[in-house]
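Undergrad: Next comes protein05.txt, compact mmCIF, C-alpha atoms:
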```
# COMPACT_ATOMS: atom_id res chain seq x y z
CA MET A 8 119.32 95.64 136.24
CA THR A 9 118.91 96.01 132.47
CA ALA A 10 116.67 98.50 130.77
CA LEU A 11 113.71 97.12 128.89
CA ALA A 12 113.67 97.71 125.17
CA PRO A 13 110.42 98.81 123.55
CA LEU A 14 108.48 95.99 121.93
CA GLN A 15 107.54 98.06 118.90
CA THR A 16 110.01 100.04 116.90
CA ALA A 17 109.69 102.00 113.71
CA ALA A 18 112.17 101.27 110.95
CA GLY A 19 112.56 103.64 108.05
CA GLY A 20 111.62 106.89 109.70
CA SER A 21 109.58 108.39 112.46
CA GLU A 22 106.56 106.58 113.83
CA THR A 23 104.30 109.06 112.04
CA VAL A 24 105.88 108.35 108.66
CA VAL A 25 105.74 104.59 109.18
CA SER A 26 102.12 104.79 110.34
CA LEU A 27 101.17 106.85 107.28
CA ALA A 28 102.95 104.37 104.99
CA ILE A 29 101.09 101.43 106.53
CA ALA A 30 97.79 103.33 106.32
CA GLY A 31 98.48 104.07 102.64
CA MET A 32 99.19 100.41 101.94
CA LEU A 33 96.00 99.40 103.73
CA LEU A 34 93.98 101.98 101.79
CA ALA A 35 95.42 100.69 98.49
CA VAL A 36 94.41 97.13 99.38
CA VAL A 37 90.89 98.17 100.44
CA LEU A 38 90.31 100.25 97.31
CA SER A 39 91.63 97.57 94.98
CA LEU A 40 89.47 94.94 96.68
CA ALA A 41 86.43 97.22 96.27
CA VAL A 42 87.10 97.47 92.52
CA VAL A 43 87.72 93.71 92.29
CA TYR A 44 84.42 93.10 94.09
CA ARG A 45 82.57 95.30 91.57
CA LEU A 46 84.20 93.50 88.64
CA VAL A 47 83.42 90.04 90.03
CA SER A 48 79.85 91.15 90.78
CA GLY A 49 79.54 92.26 87.15
CA TYR A 50 80.84 88.88 86.06
CA ARG A 51 78.35 87.03 88.24
CA ARG A 52 75.47 89.23 87.06
CA ASP A 53 76.21 89.27 83.32
CA GLY A 54 78.37 86.18 82.89
CA THR A 55 80.97 88.23 81.01
CA ARG A 56 84.17 86.25 81.38
CA LEU A 57 86.29 89.30 80.57
CA MET A 58 85.05 91.04 83.73
CA LEU A 59 86.40 88.12 85.72
CA TYR A 60 89.79 88.38 84.02
CA LEU A 61 89.88 92.10 84.76
CA GLY A 62 89.07 91.44 88.42
CA VAL A 63 91.68 88.72 88.77
CA GLY A 64 94.22 90.85 86.91
CA LEU A 65 93.62 93.83 89.16
CA ALA A 66 93.88 91.67 92.28
CA LEU A 67 97.17 90.22 91.05
CA LEU A 68 98.49 93.60 89.91
CA VAL A 69 97.65 95.72 92.95
CA THR A 70 96.36 93.72 95.92
CA ALA A 71 98.74 90.75 95.96
CA PRO A 72 102.01 92.72 95.61
CA THR A 73 100.93 95.24 98.24
CA VAL A 74 100.08 92.48 100.69
CA LEU A 75 103.34 90.68 99.88
CA ARG A 76 105.35 93.88 100.45
CA PHE A 77 103.92 93.97 103.97
CA LEU A 78 103.80 90.27 104.87
CA LEU A 79 107.10 88.96 103.48
CA PRO A 80 109.45 91.22 105.47
CA THR A 81 107.22 91.00 108.54
CA PHE A 82 106.88 87.22 108.79
CA THR A 83 109.78 85.77 106.78
CA ASP A 84 113.50 86.22 106.35
CA ALA A 85 113.18 86.61 102.58
CA THR A 86 115.93 88.63 100.98
CA PRO A 87 115.04 91.91 99.27
CA GLY A 88 115.73 90.26 95.92
CA ALA A 89 113.33 87.40 96.65
CA ARG A 90 110.64 89.85 97.80
CA SER A 91 111.11 91.90 94.66
CA LEU A 92 110.92 88.79 92.48
CA ALA A 93 107.73 87.60 94.19
CA THR A 94 105.96 90.94 93.79
CA THR A 95 107.13 91.31 90.19
CA VAL A 96 105.79 87.85 89.29
CA PHE A 97 102.35 88.76 90.66
CA GLU A 98 102.41 92.10 88.85
CA LEU A 99 103.29 90.40 85.56
CA LEU A 100 100.54 87.82 86.03
CA GLY A 101 98.06 90.61 86.73
CA LEU A 102 99.10 92.58 83.68
CA SER A 103 98.84 89.42 81.58
CA ALA A 104 95.28 88.78 82.80
CA ILE A 105 94.27 92.38 82.07
CA LEU A 106 95.83 92.26 78.60
CA TYR A 107 94.04 88.98 77.91
CA ALA A 108 90.74 90.62 78.89
CA MET A 109 91.45 93.59 76.62
CA TYR A 110 92.57 91.64 73.57
CA ASP A 111 90.48 88.48 73.86
CA PRO A 112 89.30 87.60 70.33
```
Could you take the file, read its structure, and then write that structure out as structure tokens?
TA:
Amino acid sequence: MTALAPLQTAAGGSETVVSLAIAGMLLAVVLSLAVVYRLVSGYRRDGTRLMLYLGVGLALLVTAPTVLRFLLPTFTDATPGARSLATTVFELLGLSAILYAMYDP
């Protein structure tokens, strides 16, 4: 008779540390989405296109990379280099959108 292995394991530290890391990532996504919502609401209310660019930039800079850092290793076999490249591309796109909103003529 073989022993059953646990279905859930914690990689990278104790279960408490892993749980806190996941909670921190979730909190970062929720907070960034709250700010994005406020920016998009301002865009819809005032029609200021720059508010939309700020919202999209923030979503690309914070929300998308955080979600990718969780989803890519969980659901794909992407290499660490590919994961880093994907998150960096989203961060650069977000920074570009924010800079465009700041320096739009």
Undergrad: How many Å lie between CA of Leu75 (chain A) and CA of Ala104 (chain A), rounded to one decimal?
TA: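 CA of Leu75 (chain A) sits 19.0 Å away from CA of Ala104 (chain A).
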Undergrad: So how far away is CA of Val36 (chain A) from CA of Leu65 (chain A), in Å?
TA: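 Going from CA of Leu65 (chain A) over to CA of Val36 (chain A) covers 10.8 Å.
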Undergrad: Smallest atom-to-atom distance to Leu78 (chain A): which of A:Gly64, A:Ile29, A:Leu34, A:Leu46, using all atoms listed in the file?
TA: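 That would be A:Ile29, the residue with the smallest distance to Leu78 (chain A).
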Undergrad: Separation of CA of Met58 (chain A) and CA of Ala35 (chain A), in Å?
TA: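 Going from CA of Met58 (chain A) over to CA of Ala35 (chain A) covers 20.5 Å.
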Undergrad: Pick the closest to Glu98 (chain A) from A:Val74, A:Ala30, A:Leu68, A:Ala85: which is it, counting only C-alpha atoms?
TA: A:Leu68
Undergrad: Give me, as number ranges by chain, all polymer residues having an atom no more than 9 Å from region 90-92 of chain A, counting all atoms listed in the file and skipping those fewer than 2 positions away in the same chain.
TA: A: 75-76, 79-80, 85-88, 94-97
Undergrad: Those same residues - C-alpha atoms - I'd like them written as an mmCIF file, in the coordinates of the input.
TA:
```cif
data_model
loop_
_atom_site.group_PDB
_atom_site.id
_atom_site.type_symbol
_atom_site.label_atom_id
_atom_site.label_comp_id
_atom_site.auth_asym_id
_atom_site.auth_seq_id
_atom_site.Cartn_x
_atom_site.Cartn_y
_atom_site.Cartn_z
ATOM 1 C CA LEU A 75 103.340 90.680 99.880
ATOM 2 C CA ARG A 76 105.350 93.880 100.450
ATOM 3 C CA LEU A 79 107.100 88.960 103.480
ATOM 4 C CA PRO A 80 109.450 91.220 105.470
ATOM 5 C CA ALA A 85 113.180 86.610 102.580
ATOM 6 C CA THR A 86 115.930 88.630 100.980
ATOM 7 C CA PRO A 87 115.040 91.910 99.270
ATOM 8 C CA GLY A 88 115.730 90.260 95.920
ATOM 9 C CA THR A 94 105.960 90.940 93.790
ATOM 10 C CA THR A 95 107.130 91.310 90.190
ATOM 11 C CA VAL A 96 105.790 87.850 89.290
ATOM 12 C CA PHE A 97 102.350 88.760 90.660
#
```
Undergrad: Using all atoms listed in the file, pick whichever of A:Val63, A:Val24, A:Ala108, A:Leu57 has the shortest atom-to-atom distance to Val42 (chain A).
TA: A:Val63
